[in-house]
>>> print(open('protein_16.pdb').read())   # PDB, C-alpha atoms
MODEL        1
ATOM      1  CA  MET A   3       0.000   0.000   0.000
ATOM      2  CA  GLN A   4       1.350   3.404  -0.979
ATOM      3  CA  PHE A   5       0.222   6.912  -0.102
ATOM      4  CA  ARG A   6      -0.100   9.296  -3.006
ATOM      5  CA  ASP A   7       1.883  11.940  -1.128
ATOM      6  CA  ARG A   8       2.517  13.271   2.368
ATOM      7  CA  GLU A   9      -0.674  15.310   2.329
ATOM      8  CA  GLU A  10      -2.818  12.228   1.722
ATOM      9  CA  ALA A  11      -0.967  10.396   4.491
ATOM     10  CA  GLY A  12      -1.575  13.352   6.796
ATOM     11  CA  ARG A  13      -5.300  13.383   6.109
ATOM     12  CA  GLU A  14      -5.623   9.652   6.808
ATOM     13  CA  LEU A  15      -3.622   9.996  10.001
ATOM     14  CA  ALA A  16      -5.615  13.054  11.028
ATOM     15  CA  GLU A  17      -8.843  11.061  10.836
ATOM     16  CA  GLN A  18      -7.520   8.517  13.329
ATOM     17  CA  LEU A  19      -6.429  11.293  15.660
ATOM     18  CA  ARG A  20      -9.741  13.116  15.306
ATOM     19  CA  ILE A  21     -11.551   9.995  16.531
ATOM     20  CA  ARG A  22      -9.347  10.023  19.630
ATOM     21  CA  GLN A  23      -9.876  13.750  20.087
ATOM     22  CA  ASP A  24     -13.644  13.267  19.985
ATOM     23  CA  LYS A  25     -13.280  10.717  22.794
ATOM     24  CA  GLY A  26     -11.468  13.324  24.887
ATOM     25  CA  ILE A  27      -8.121  11.518  25.070
ATOM     26  CA  LEU A  28      -6.090  14.224  23.300
ATOM     27  CA  PRO A  29      -6.631  17.247  25.563
ATOM     28  CA  HIS A  30      -5.316  20.606  24.341
ATOM     29  CA  PRO A  31      -3.241  19.203  21.455
ATOM     30  CA  VAL A  32      -0.201  20.847  19.920
ATOM     31  CA  VAL A  33       1.309  19.287  16.801
ATOM     32  CA  LEU A  34       5.097  19.101  16.597
ATOM     33  CA  ALA A  35       6.457  18.248  13.158
ATOM     34  CA  LEU A  36       9.887  16.830  12.392
ATOM     35  CA  PRO A  37      11.110  18.918   9.469
ATOM     36  CA  ARG A  38      11.253  18.779   6.724
ATOM     37  CA  GLY A  39       9.148  15.812   5.568
ATOM     38  CA  GLY A  40       7.009  15.583   8.675
ATOM     39  CA  VAL A  41       5.726  19.119   8.230
ATOM     40  CA  ALA A  42       3.543  18.291   5.225
ATOM     41  CA  VAL A  43       1.931  15.440   7.182
ATOM     42  CA  ALA A  44       1.584  17.481  10.364
ATOM     43  CA  ARG A  45      -0.063  20.448   8.636
ATOM     44  CA  GLU A  46      -3.030  18.275   7.660
ATOM     45  CA  ILE A  47      -3.305  16.968  11.220
ATOM     46  CA  ALA A  48      -3.139  20.422  12.792
ATOM     47  CA  GLN A  49      -5.914  21.670  10.516
ATOM     48  CA  VAL A  50      -8.259  18.793  11.335
ATOM     49  CA  LEU A  51      -7.594  18.946  15.081
ATOM     50  CA  GLU A  52      -7.659  22.770  15.039
ATOM     51  CA  ALA A  53      -4.362  22.653  16.914
ATOM     52  CA  PRO A  54      -1.283  24.862  16.733
ATOM     53  CA  LEU A  55       1.547  23.599  14.530
ATOM     54  CA  ASP A  56       5.203  23.922  15.434
ATOM     55  CA  VAL A  57       8.466  22.223  14.547
ATOM     56  CA  LEU A  58      10.828  20.007  16.478
ATOM     57  CA  VAL A  59      14.235  20.071  14.830
ATOM     58  CA  VAL A  60      16.081  16.784  15.150
ATOM     59  CA  ARG A  61      18.999  15.634  13.037
ATOM     60  CA  LYS A  62      19.798  12.080  12.099
ATOM     61  CA  ILE A  63      23.395  10.940  12.508
ATOM     62  CA  GLY A  64      24.183   8.731   9.544
ATOM     63  CA  ALA A  65      26.980   6.211   9.171
ATOM     64  CA  PRO A  66      30.029   7.903   7.566
ATOM     65  CA  PHE A  67      29.944   5.574   4.563
ATOM     66  CA  HIS A  68      26.135   5.481   4.233
ATOM     67  CA  GLU A  69      24.465   8.701   5.393
ATOM     68  CA  GLU A  70      20.939   7.362   4.944
ATOM     69  CA  PHE A  71      21.568   4.632   7.519
ATOM     70  CA  GLY A  72      20.841   6.254  10.879
ATOM     71  CA  VAL A  73      23.035   5.287  13.811
ATOM     72  CA  GLY A  74      21.877   8.064  16.130
ATOM     73  CA  ALA A  75      20.283  11.490  16.353
ATOM     74  CA  LEU A  76      20.583  14.951  17.892
ATOM     75  CA  ALA A  77      18.086  17.344  19.477
ATOM     76  CA  GLY A  78      18.890  20.772  20.903
ATOM     77  CA  ASP A  79      22.158  20.988  22.798
ATOM     78  CA  ASP A  80      21.819  17.498  24.270
ATOM     79  CA  PRO A  81      24.549  14.921  23.661
ATOM     80  CA  PRO A  82      23.834  12.652  20.693
ATOM     81  CA  LEU A  83      21.816   9.510  21.302
ATOM     82  CA  LEU A  84      23.669   6.692  19.527
ATOM     83  CA  ASP A  85      22.488   3.217  18.651
ATOM     84  CA  GLU A  86      25.173   1.133  20.292
ATOM     85  CA  ALA A  87      24.041  -2.073  18.592
ATOM     86  CA  SER A  88      24.338  -0.478  15.149
ATOM     87  CA  LEU A  89      27.754   0.952  15.983
ATOM     88  CA  TYR A  90      28.939  -2.476  17.069
ATOM     89  CA  ARG A  91      27.642  -4.167  13.915
ATOM     90  CA  LEU A  92      29.289  -1.545  11.708
ATOM     91  CA  GLY A  93      32.550  -1.462  13.643
ATOM     92  CA  LEU A  94      32.193   2.247  14.453
ATOM     93  CA  SER A  95      33.154   4.194  17.562
ATOM     94  CA  GLU A  96      31.793   7.481  18.900
ATOM     95  CA  ALA A  97      35.053   9.125  17.776
ATOM     96  CA  ASP A  98      34.405   7.953  14.204
ATOM     97  CA  LEU A  99      31.135   9.892  14.250
ATOM     98  CA  ALA A 100      32.541  13.143  15.657
ATOM     99  CA  PRO A 101      32.752  14.926  12.263
ATOM    100  CA  VAL A 102      29.212  13.834  11.391
ATOM    101  CA  VAL A 103      27.897  14.995  14.775
ATOM    102  CA  GLU A 104      29.566  18.391  14.403
ATOM    103  CA  ARG A 105      28.148  18.882  10.910
ATOM    104  CA  GLU A 106      24.642  17.846  11.917
ATOM    105  CA  ARG A 107      24.640  20.065  15.019
ATOM    106  CA  LYS A 108      25.512  23.074  12.860
ATOM    107  CA  GLU A 109      22.666  22.235  10.507
ATOM    108  CA  LEU A 110      20.289  21.724  13.445
ATOM    109  CA  ARG A 111      21.073  25.196  14.789
ATOM    110  CA  ARG A 112      20.720  26.736  11.328
ATOM    111  CA  ARG A 113      17.297  25.197  10.886
ATOM    112  CA  GLU A 114      16.115  26.181  14.362
ATOM    113  CA  GLU A 115      17.066  29.800  13.685
ATOM    114  CA  ARG A 116      15.482  29.690  10.237
ATOM    115  CA  TYR A 117      12.208  28.089  11.287
ATOM    116  CA  ARG A 118      11.679  29.683  14.684
ATOM    117  CA  GLN A 119      12.637  33.218  13.615
ATOM    118  CA  GLY A 120      12.940  34.274  17.230
ATOM    119  CA  ARG A 121       9.763  32.520  18.415
ATOM    120  CA  PRO A 122      10.113  30.540  21.656
ATOM    121  CA  ALA A 123       9.256  26.856  21.685
ATOM    122  CA  PRO A 124       5.646  26.263  22.821
ATOM    123  CA  ASP A 125       4.909  25.558  26.459
ATOM    124  CA  LEU A 126       3.749  21.947  26.605
ATOM    125  CA  GLY A 127       2.582  21.917  30.225
ATOM    126  CA  GLY A 128      -0.975  20.550  30.429
ATOM    127  CA  ARG A 129      -1.060  19.791  26.700
ATOM    128  CA  THR A 130      -1.006  16.737  24.473
ATOM    129  CA  ALA A 131       2.159  16.859  22.390
ATOM    130  CA  ILE A 132       1.660  15.045  19.087
ATOM    131  CA  VAL A 133       5.006  14.384  17.412
ATOM    132  CA  VAL A 134       4.634  13.771  13.669
ATOM    133  CA  ASP A 135       6.963  12.499  10.952
ATOM    134  CA  ASP A 136       6.360  11.124   7.451
ATOM    135  CA  GLY A 137       7.577   7.686   8.484
ATOM    136  CA  VAL A 138      10.025   5.799  10.684
ATOM    137  CA  ALA A 139      12.709   3.342   9.608
ATOM    138  CA  THR A 140      15.251   2.763  12.392
ATOM    139  CA  GLY A 141      13.536   4.933  15.010
ATOM    140  CA  SER A 142      16.686   6.710  16.207
ATOM    141  CA  THR A 143      15.506  10.180  15.150
ATOM    142  CA  ALA A 144      12.017   9.686  16.531
ATOM    143  CA  ARG A 145      13.372   8.392  19.841
ATOM    144  CA  VAL A 146      15.533  11.493  20.357
ATOM    145  CA  ALA A 147      12.600  13.730  19.413
ATOM    146  CA  LEU A 148      10.277  12.015  21.874
ATOM    147  CA  ARG A 149      12.738  12.225  24.744
ATOM    148  CA  ALA A 150      13.313  15.914  24.032
ATOM    149  CA  VAL A 151       9.564  16.529  24.146
ATOM    150  CA  ARG A 152       9.072  14.391  27.256
ATOM    151  CA  SER A 153      11.607  16.581  29.082
ATOM    152  CA  ARG A 154       9.226  19.534  28.512
ATOM    153  CA  ASN A 155       6.525  17.815  30.637
ATOM    154  CA  PRO A 156       3.501  17.491  28.368
ATOM    155  CA  GLU A 157       0.360  15.974  29.896
ATOM    156  CA  ARG A 158       0.378  13.305  27.176
ATOM    157  CA  LEU A 159       2.927  12.368  24.542
ATOM    158  CA  VAL A 160       1.755  10.883  21.238
ATOM    159  CA  LEU A 161       3.761   9.750  18.225
ATOM    160  CA  ALA A 162       1.791   9.783  14.966
ATOM    161  CA  VAL A 163       3.273   8.471  11.713
ATOM    162  CA  PRO A 164       1.779   7.051   8.516
ATOM    163  CA  VAL A 165       4.220   4.126   8.268
ATOM    164  CA  CYS A 166       6.786   2.521  10.563
ATOM    165  CA  ALA A 167       9.111  -0.470  10.518
ATOM    166  CA  PRO A 168       7.742  -3.078  12.972
ATOM    167  CA  GLU A 169      10.989  -3.333  14.953
ATOM    168  CA  ALA A 170      11.115   0.434  15.453
ATOM    169  CA  ALA A 171       7.414   0.530  16.360
ATOM    170  CA  GLU A 172       7.939  -1.974  19.153
ATOM    171  CA  GLU A 173      10.646   0.203  20.713
ATOM    172  CA  LEU A 174       8.870   3.509  20.214
ATOM    173  CA  ARG A 175       5.680   2.357  21.916
ATOM    174  CA  ARG A 176       7.658   2.315  25.142
ATOM    175  CA  GLU A 177       8.523   6.004  24.732
ATOM    176  CA  VAL A 178       5.000   7.394  24.426
ATOM    177  CA  ASP A 179       1.564   7.403  25.997
ATOM    178  CA  GLU A 180       0.055   6.516  22.637
ATOM    179  CA  PHE A 181       1.467   5.398  19.293
ATOM    180  CA  VAL A 182      -0.695   6.002  16.221
ATOM    181  CA  CYS A 183       0.513   4.408  12.991
ATOM    182  CA  LEU A 184      -1.468   3.502   9.885
ATOM    183  CA  HIS A 185       0.834   0.781   8.566
ATOM    184  CA  GLU A 186       3.584  -1.415   9.973
ATOM    185  CA  PRO A 187       4.625  -3.409   6.888
ATOM    186  CA  ARG A 188       6.521  -6.604   7.595
ATOM    187  CA  LEU A 189       8.939  -5.942   4.729
ATOM    188  CA  PHE A 190      10.392  -2.473   5.194
ATOM    189  CA  SER A 191      13.538  -0.964   3.724
ATOM    190  CA  ALA A 192      12.888   2.799   3.431
ATOM    191  CA  VAL A 193      10.142   5.326   4.173
ATOM    192  CA  GLY A 194      10.114   6.668   0.616
ATOM    193  CA  GLU A 195       8.996   3.375  -0.886
ATOM    194  CA  TRP A 196       5.578   3.845   0.734
ATOM    195  CA  TYR A 197       4.876   7.076  -1.183
ATOM    196  CA  GLU A 198       4.232   7.616  -4.876
ATOM    197  CA  ASP A 199       5.492  11.193  -4.500
ATOM    198  CA  PHE A 200       8.271  11.548  -1.932
ATOM    199  CA  GLY A 201       9.844  14.753  -3.207
ATOM    200  CA  GLN A 202      12.125  16.679  -0.890
ATOM    201  CA  LEU A 203      10.686  19.702   0.905
ATOM    202  CA  THR A 204      12.552  22.991   1.235
ATOM    203  CA  ASP A 205      12.951  25.479   4.071
ATOM    204  CA  ALA A 206      10.461  27.670   2.210
ATOM    205  CA  ASP A 207       7.893  24.839   2.307
ATOM    206  CA  VAL A 208       8.348  24.528   6.070
ATOM    207  CA  LEU A 209       7.957  28.253   6.658
ATOM    208  CA  GLU A 210       4.851  28.337   4.461
ATOM    209  CA  ALA A 211       3.275  25.564   6.518
ATOM    210  CA  LEU A 212       4.106  27.271   9.801
ATOM    211  CA  ARG A 213       2.480  30.469   8.540
ATOM    212  CA  GLY A 214      -0.654  28.471   7.671
ATOM    213  CA  GLU A 215      -0.411  29.211   3.967
TER
ENDMDL
END
>>> encode(input="protein_16.pdb", output="C-alpha coordinates")
Amino acid sequence: MQFRDREEAGRELAEQLRIRQDKGILPHPVVLALPRGGVAVAREIAQVLEAPLDVLVVRKIGAPFHEEFGVGALAGDDPPLLDEASLYRLGLSEADLAPVVERERKELRRREERYRQGRPAPDLGGRTAIVVDDGVATGSTARVALRAVRSRNPERLVLAVPVCAPEAAEELRREVDEFVCLHEPRLFSAVGEWYEDFGQLTDADVLEALRGE
(Lines of atoms letter the chains of each structure in order from A and count residues from 1; the text may use other names and numbers.)
(Lines give C-alpha, C1' and ligand atoms only; values in the text may rest on other atoms or scores of the structure.)
Protein backbone atom coordinates (compact mmCIF):
# COMPACT_ATOMS: atom_id res chain seq x y z
CA MET A 1 0.00 0.00 0.00
CA GLN A 2 1.35 3.40 -0.98
CA PHE A 3 0.22 6.91 -0.10
CA ARG A 4 -0.10 9.30 -3.01
CA ASP A 5 1.88 11.94 -1.13
CA ARG A 6 2.52 13.27 2.37
CA GLU A 7 -0.67 15.31 2.33
CA GLU A 8 -2.82 12.23 1.72
CA ALA A 9 -0.97 10.40 4.49
CA GLY A 10 -1.58 13.35 6.80
CA ARG A 11 -5.30 13.38 6.11
CA GLU A 12 -5.62 9.65 6.81
CA LEU A 13 -3.62 10.00 10.00
CA ALA A 14 -5.62 13.05 11.03
CA GLU A 15 -8.84 11.06 10.84
CA GLN A 16 -7.52 8.52 13.33
CA LEU A 17 -6.43 11.29 15.66
CA ARG A 18 -9.74 13.12 15.31
CA ILE A 19 -11.55 10.00 16.53
CA ARG A 20 -9.35 10.02 19.63
CA GLN A 21 -9.88 13.75 20.09
CA ASP A 22 -13.64 13.27 19.98
CA LYS A 23 -13.28 10.72 22.79
CA GLY A 24 -11.47 13.32 24.89
CA ILE A 25 -8.12 11.52 25.07
CA LEU A 26 -6.09 14.22 23.30
CA PRO A 27 -6.63 17.25 25.56
CA HIS A 28 -5.32 20.61 24.34
CA PRO A 29 -3.24 19.20 21.45
CA VAL A 30 -0.20 20.85 19.92
CA VAL A 31 1.31 19.29 16.80
CA LEU A 32 5.10 19.10 16.60
CA ALA A 33 6.46 18.25 13.16
CA LEU A 34 9.89 16.83 12.39
CA PRO A 35 11.11 18.92 9.47
CA ARG A 36 11.25 18.78 6.72
CA GLY A 37 9.15 15.81 5.57
CA GLY A 38 7.01 15.58 8.67
CA VAL A 39 5.73 19.12 8.23
CA ALA A 40 3.54 18.29 5.22
CA VAL A 41 1.93 15.44 7.18
CA ALA A 42 1.58 17.48 10.36
CA ARG A 43 -0.06 20.45 8.64
CA GLU A 44 -3.03 18.28 7.66
CA ILE A 45 -3.30 16.97 11.22
CA ALA A 46 -3.14 20.42 12.79
CA GLN A 47 -5.91 21.67 10.52
CA VAL A 48 -8.26 18.79 11.33
CA LEU A 49 -7.59 18.95 15.08
CA GLU A 50 -7.66 22.77 15.04
CA ALA A 51 -4.36 22.65 16.91
CA PRO A 52 -1.28 24.86 16.73
CA LEU A 53 1.55 23.60 14.53
CA ASP A 54 5.20 23.92 15.43
CA VAL A 55 8.47 22.22 14.55
CA LEU A 56 10.83 20.01 16.48
CA VAL A 57 14.23 20.07 14.83
CA VAL A 58 16.08 16.78 15.15
CA ARG A 59 19.00 15.63 13.04
CA LYS A 60 19.80 12.08 12.10
CA ILE A 61 23.39 10.94 12.51
CA GLY A 62 24.18 8.73 9.54
CA ALA A 63 26.98 6.21 9.17
CA PRO A 64 30.03 7.90 7.57
CA PHE A 65 29.94 5.57 4.56
CA HIS A 66 26.14 5.48 4.23
CA GLU A 67 24.47 8.70 5.39
CA GLU A 68 20.94 7.36 4.94
CA PHE A 69 21.57 4.63 7.52
CA GLY A 70 20.84 6.25 10.88
CA VAL A 71 23.03 5.29 13.81
CA GLY A 72 21.88 8.06 16.13
CA ALA A 73 20.28 11.49 16.35
CA LEU A 74 20.58 14.95 17.89
CA ALA A 75 18.09 17.34 19.48
CA GLY A 76 18.89 20.77 20.90
CA ASP A 77 22.16 20.99 22.80
CA ASP A 78 21.82 17.50 24.27
CA PRO A 79 24.55 14.92 23.66
CA PRO A 80 23.83 12.65 20.69
CA LEU A 81 21.82 9.51 21.30
CA LEU A 82 23.67 6.69 19.53
CA ASP A 83 22.49 3.22 18.65
CA GLU A 84 25.17 1.13 20.29
CA ALA A 85 24.04 -2.07 18.59
CA SER A 86 24.34 -0.48 15.15
CA LEU A 87 27.75 0.95 15.98
CA TYR A 88 28.94 -2.48 17.07
CA ARG A 89 27.64 -4.17 13.91
CA LEU A 90 29.29 -1.54 11.71
CA GLY A 91 32.55 -1.46 13.64
CA LEU A 92 32.19 2.25 14.45
CA SER A 93 33.15 4.19 17.56
CA GLU A 94 31.79 7.48 18.90
CA ALA A 95 35.05 9.12 17.78
CA ASP A 96 34.40 7.95 14.20
CA LEU A 97 31.13 9.89 14.25
CA ALA A 98 32.54 13.14 15.66
CA PRO A 99 32.75 14.93 12.26
CA VAL A 100 29.21 13.83 11.39
CA VAL A 101 27.90 14.99 14.78
CA GLU A 102 29.57 18.39 14.40
CA ARG A 103 28.15 18.88 10.91
CA GLU A 104 24.64 17.85 11.92
CA ARG A 105 24.64 20.06 15.02
CA LYS A 106 25.51 23.07 12.86
CA GLU A 107 22.67 22.24 10.51
CA LEU A 108 20.29 21.72 13.44
CA ARG A 109 21.07 25.20 14.79
CA ARG A 110 20.72 26.74 11.33
CA ARG A 111 17.30 25.20 10.89
CA GLU A 112 16.12 26.18 14.36
CA GLU A 113 17.07 29.80 13.69
CA ARG A 114 15.48 29.69 10.24
CA TYR A 115 12.21 28.09 11.29
CA ARG A 116 11.68 29.68 14.68
CA GLN A 117 12.64 33.22 13.61
CA GLY A 118 12.94 34.27 17.23
CA ARG A 119 9.76 32.52 18.42
CA PRO A 120 10.11 30.54 21.66
CA ALA A 121 9.26 26.86 21.68
CA PRO A 122 5.65 26.26 22.82
CA ASP A 123 4.91 25.56 26.46
CA LEU A 124 3.75 21.95 26.61
CA GLY A 125 2.58 21.92 30.23
CA GLY A 126 -0.97 20.55 30.43
CA ARG A 127 -1.06 19.79 26.70
CA THR A 128 -1.01 16.74 24.47
CA ALA A 129 2.16 16.86 22.39
CA ILE A 130 1.66 15.04 19.09
CA VAL A 131 5.01 14.38 17.41
CA VAL A 132 4.63 13.77 13.67
CA ASP A 133 6.96 12.50 10.95
CA ASP A 134 6.36 11.12 7.45
CA GLY A 135 7.58 7.69 8.48
CA VAL A 136 10.02 5.80 10.68
CA ALA A 137 12.71 3.34 9.61
CA THR A 138 15.25 2.76 12.39
CA GLY A 139 13.54 4.93 15.01
CA SER A 140 16.69 6.71 16.21
CA THR A 141 15.51 10.18 15.15
CA ALA A 142 12.02 9.69 16.53
CA ARG A 143 13.37 8.39 19.84
CA VAL A 144 15.53 11.49 20.36
CA ALA A 145 12.60 13.73 19.41
CA LEU A 146 10.28 12.02 21.87
CA ARG A 147 12.74 12.23 24.74
CA ALA A 148 13.31 15.91 24.03
CA VAL A 149 9.56 16.53 24.15
CA ARG A 150 9.07 14.39 27.26
CA SER A 151 11.61 16.58 29.08
CA ARG A 152 9.23 19.53 28.51
CA ASN A 153 6.52 17.82 30.64
CA PRO A 154 3.50 17.49 28.37
CA GLU A 155 0.36 15.97 29.90
CA ARG A 156 0.38 13.31 27.18
CA LEU A 157 2.93 12.37 24.54
CA VAL A 158 1.76 10.88 21.24
CA LEU A 159 3.76 9.75 18.23
CA ALA A 160 1.79 9.78 14.97
CA VAL A 161 3.27 8.47 11.71
CA PRO A 162 1.78 7.05 8.52
CA VAL A 163 4.22 4.13 8.27
CA CYS A 164 6.79 2.52 10.56
CA ALA A 165 9.11 -0.47 10.52
CA PRO A 166 7.74 -3.08 12.97
CA GLU A 167 10.99 -3.33 14.95
CA ALA A 168 11.12 0.43 15.45
CA ALA A 169 7.41 0.53 16.36
CA GLU A 170 7.94 -1.97 19.15
CA GLU A 171 10.65 0.20 20.71
CA LEU A 172 8.87 3.51 20.21
CA ARG A 173 5.68 2.36 21.92
CA ARG A 174 7.66 2.32 25.14
CA GLU A 175 8.52 6.00 24.73
CA VAL A 176 5.00 7.39 24.43
CA ASP A 177 1.56 7.40 26.00
CA GLU A 178 0.06 6.52 22.64
CA PHE A 179 1.47 5.40 19.29
CA VAL A 180 -0.69 6.00 16.22
CA CYS A 181 0.51 4.41 12.99
CA LEU A 182 -1.47 3.50 9.89
CA HIS A 183 0.83 0.78 8.57
CA GLU A 184 3.58 -1.41 9.97
CA PRO A 185 4.62 -3.41 6.89
CA ARG A 186 6.52 -6.60 7.59
CA LEU A 187 8.94 -5.94 4.73
CA PHE A 188 10.39 -2.47 5.19
CA SER A 189 13.54 -0.96 3.72
CA ALA A 190 12.89 2.80 3.43
CA VAL A 191 10.14 5.33 4.17
CA GLY A 192 10.11 6.67 0.62
CA GLU A 193 9.00 3.38 -0.89
CA TRP A 194 5.58 3.84 0.73
CA TYR A 195 4.88 7.08 -1.18
CA GLU A 196 4.23 7.62 -4.88
CA ASP A 197 5.49 11.19 -4.50
CA PHE A 198 8.27 11.55 -1.93
CA GLY A 199 9.84 14.75 -3.21
CA GLN A 200 12.13 16.68 -0.89
CA LEU A 201 10.69 19.70 0.91
CA THR A 202 12.55 22.99 1.24
CA ASP A 203 12.95 25.48 4.07
CA ALA A 204 10.46 27.67 2.21
CA ASP A 205 7.89 24.84 2.31
CA VAL A 206 8.35 24.53 6.07
CA LEU A 207 7.96 28.25 6.66
CA GLU A 208 4.85 28.34 4.46
CA ALA A 209 3.27 25.56 6.52
CA LEU A 210 4.11 27.27 9.80
CA ARG A 211 2.48 30.47 8.54
CA GLY A 212 -0.65 28.47 7.67
CA GLU A 213 -0.41 29.21 3.97
>>> resolve_selection(input="protein_16.pdb", expression="the PyMOL selection byres ((chain A and resi 198) around 12)", output="PyMOL selection string")
chain A and resi 3-11+193-197+199-201
>>> residues_near_point(input="protein_16.pdb", point="(25.7, 14.8, 17.8)", cutoff="7 Å", atoms="only C-alpha atoms", output="ChimeraX atom specification")
/A:63,75-76,81-82,103-104,106-107
>>> resolve_selection(input="protein_16.pdb", expression="the PyMOL selection byres ((chain A and resi 139) around 7)", output="PyMOL selection string")
chain A and resi 137-138+140-141+166-167+170+192-193
>>> closest_residue(input="protein_16.pdb", among="A:Gly127, A:Gly64, A:Pro101, A:Pro54", to="Val32 in chain A", atoms="only C-alpha atoms")
A:Pro54
>>> atom_distance(input="protein_16.pdb", atom1="CA of Leu84 in chain A", atom2="CA of Ala100 in chain A")
11.6 Å
>>> closest_residue(input="protein_16.pdb", among="A:Arg154, A:Arg13, A:Lys62, A:His30", to="Ala123 in chain A", atoms="all atoms listed in the file")
A:Arg154
>>> axis_aligned_box(input="protein_16.pdb", around="range 176-181 of chain A", padding_each_side="5 Å", output="JSON")
{"center_x": 4.3, "center_y": 4.9, "center_z": 22.6, "size_x": 18.5, "size_y": 15.1, "size_z": 16.7}
>>> build_atoms(input="protein_16.pdb", residues="range 75-86 of chain A", atoms="all heavy atoms", output="mmCIF file, in the frame of the given file")
data_model
loop_
_atom_site.group_PDB
_atom_site.id
_atom_site.type_symbol
_atom_site.label_atom_id
_atom_site.label_comp_id
_atom_site.auth_asym_id
_atom_site.auth_seq_id
_atom_site.Cartn_x
_atom_site.Cartn_y
_atom_site.Cartn_z
ATOM 1 N N ALA A 75 20.977 10.237 16.660
ATOM 2 C CA ALA A 75 20.283 11.490 16.353
ATOM 3 C C ALA A 75 20.607 12.536 17.400
ATOM 4 O O ALA A 75 21.089 12.227 18.498
ATOM 5 C CB ALA A 75 18.777 11.261 16.276
ATOM 6 N N LEU A 76 20.322 13.794 17.036
ATOM 7 C CA LEU A 76 20.583 14.951 17.892
ATOM 8 C C LEU A 76 19.323 15.776 18.062
ATOM 9 O O LEU A 76 18.531 15.920 17.136
ATOM 10 C CB LEU A 76 21.619 15.872 17.240
ATOM 11 C CG LEU A 76 23.090 15.521 17.223
ATOM 12 C CD1 LEU A 76 23.803 16.472 16.272
ATOM 13 C CD2 LEU A 76 23.674 15.640 18.614
ATOM 14 N N ALA A 77 19.150 16.363 19.243
ATOM 15 C CA ALA A 77 18.086 17.344 19.477
ATOM 16 C C ALA A 77 18.633 18.409 20.408
ATOM 17 O O ALA A 77 19.246 18.096 21.433
ATOM 18 C CB ALA A 77 16.860 16.696 20.088
ATOM 19 N N GLY A 78 18.430 19.682 20.059
ATOM 20 C CA GLY A 78 18.890 20.772 20.903
ATOM 21 C C GLY A 78 20.384 20.704 21.169
ATOM 22 O O GLY A 78 21.184 20.358 20.297
ATOM 23 N N ASP A 79 20.748 21.037 22.399
ATOM 24 C CA ASP A 79 22.158 20.988 22.798
ATOM 25 C C ASP A 79 22.506 19.704 23.540
ATOM 26 O O ASP A 79 23.602 19.576 24.095
ATOM 27 C CB ASP A 79 22.485 22.195 23.697
ATOM 28 C CG ASP A 79 22.390 23.511 22.941
ATOM 29 O OD1 ASP A 79 22.798 23.547 21.757
ATOM 30 O OD2 ASP A 79 21.908 24.500 23.517
ATOM 31 N N ASP A 80 21.572 18.751 23.560
ATOM 32 C CA ASP A 80 21.819 17.498 24.270
ATOM 33 C C ASP A 80 22.898 16.683 23.561
ATOM 34 O O ASP A 80 23.087 16.803 22.347
ATOM 35 C CB ASP A 80 20.538 16.666 24.344
ATOM 36 C CG ASP A 80 19.460 17.341 25.173
ATOM 37 O OD1 ASP A 80 19.813 18.211 25.993
ATOM 38 O OD2 ASP A 80 18.281 17.001 24.991
ATOM 39 N N PRO A 81 23.594 15.823 24.303
ATOM 40 C CA PRO A 81 24.549 14.921 23.661
ATOM 41 C C PRO A 81 23.811 14.012 22.676
ATOM 42 O O PRO A 81 22.617 13.748 22.838
ATOM 43 C CB PRO A 81 25.116 14.104 24.836
ATOM 44 C CG PRO A 81 24.826 14.912 26.053
ATOM 45 C CD PRO A 81 23.550 15.648 25.765
ATOM 46 N N PRO A 82 24.501 13.527 21.654
ATOM 47 C CA PRO A 82 23.834 12.652 20.693
ATOM 48 C C PRO A 82 23.397 11.337 21.337
ATOM 49 O O PRO A 82 24.072 10.814 22.224
ATOM 50 C CB PRO A 82 24.905 12.415 19.625
ATOM 51 C CG PRO A 82 26.204 12.668 20.317
ATOM 52 C CD PRO A 82 25.919 13.754 21.310
ATOM 53 N N LEU A 83 22.261 10.837 20.899
ATOM 54 C CA LEU A 83 21.816 9.510 21.302
ATOM 55 C C LEU A 83 22.241 8.551 20.199
ATOM 56 O O LEU A 83 21.790 8.668 19.054
ATOM 57 C CB LEU A 83 20.299 9.470 21.472
ATOM 58 C CG LEU A 83 19.710 8.111 21.833
ATOM 59 C CD1 LEU A 83 20.146 7.698 23.241
ATOM 60 C CD2 LEU A 83 18.192 8.137 21.744
ATOM 61 N N LEU A 84 23.118 7.596 20.530
ATOM 62 C CA LEU A 84 23.669 6.692 19.527
ATOM 63 C C LEU A 84 23.125 5.283 19.726
ATOM 64 O O LEU A 84 22.871 4.849 20.849
ATOM 65 C CB LEU A 84 25.195 6.678 19.613
ATOM 66 C CG LEU A 84 25.880 8.026 19.413
ATOM 67 C CD1 LEU A 84 27.392 7.888 19.611
ATOM 68 C CD2 LEU A 84 25.582 8.594 18.024
ATOM 69 N N ASP A 85 22.946 4.600 18.630
ATOM 70 C CA ASP A 85 22.488 3.217 18.651
ATOM 71 C C ASP A 85 23.716 2.320 18.803
ATOM 72 O O ASP A 85 24.418 2.041 17.829
ATOM 73 C CB ASP A 85 21.737 2.911 17.355
ATOM 74 C CG ASP A 85 21.146 1.508 17.335
ATOM 75 O OD1 ASP A 85 21.611 0.658 18.110
ATOM 76 O OD2 ASP A 85 20.232 1.266 16.527
ATOM 77 N N GLU A 86 23.960 1.904 20.016
ATOM 78 C CA GLU A 86 25.173 1.133 20.292
ATOM 79 C C GLU A 86 25.213 -0.181 19.514
ATOM 80 O O GLU A 86 26.286 -0.617 19.072
ATOM 81 C CB GLU A 86 25.284 0.855 21.794
ATOM 82 C CG GLU A 86 25.393 2.107 22.656
ATOM 83 C CD GLU A 86 26.675 2.890 22.403
ATOM 84 O OE1 GLU A 86 27.635 2.296 21.871
ATOM 85 O OE2 GLU A 86 26.711 4.095 22.734
#
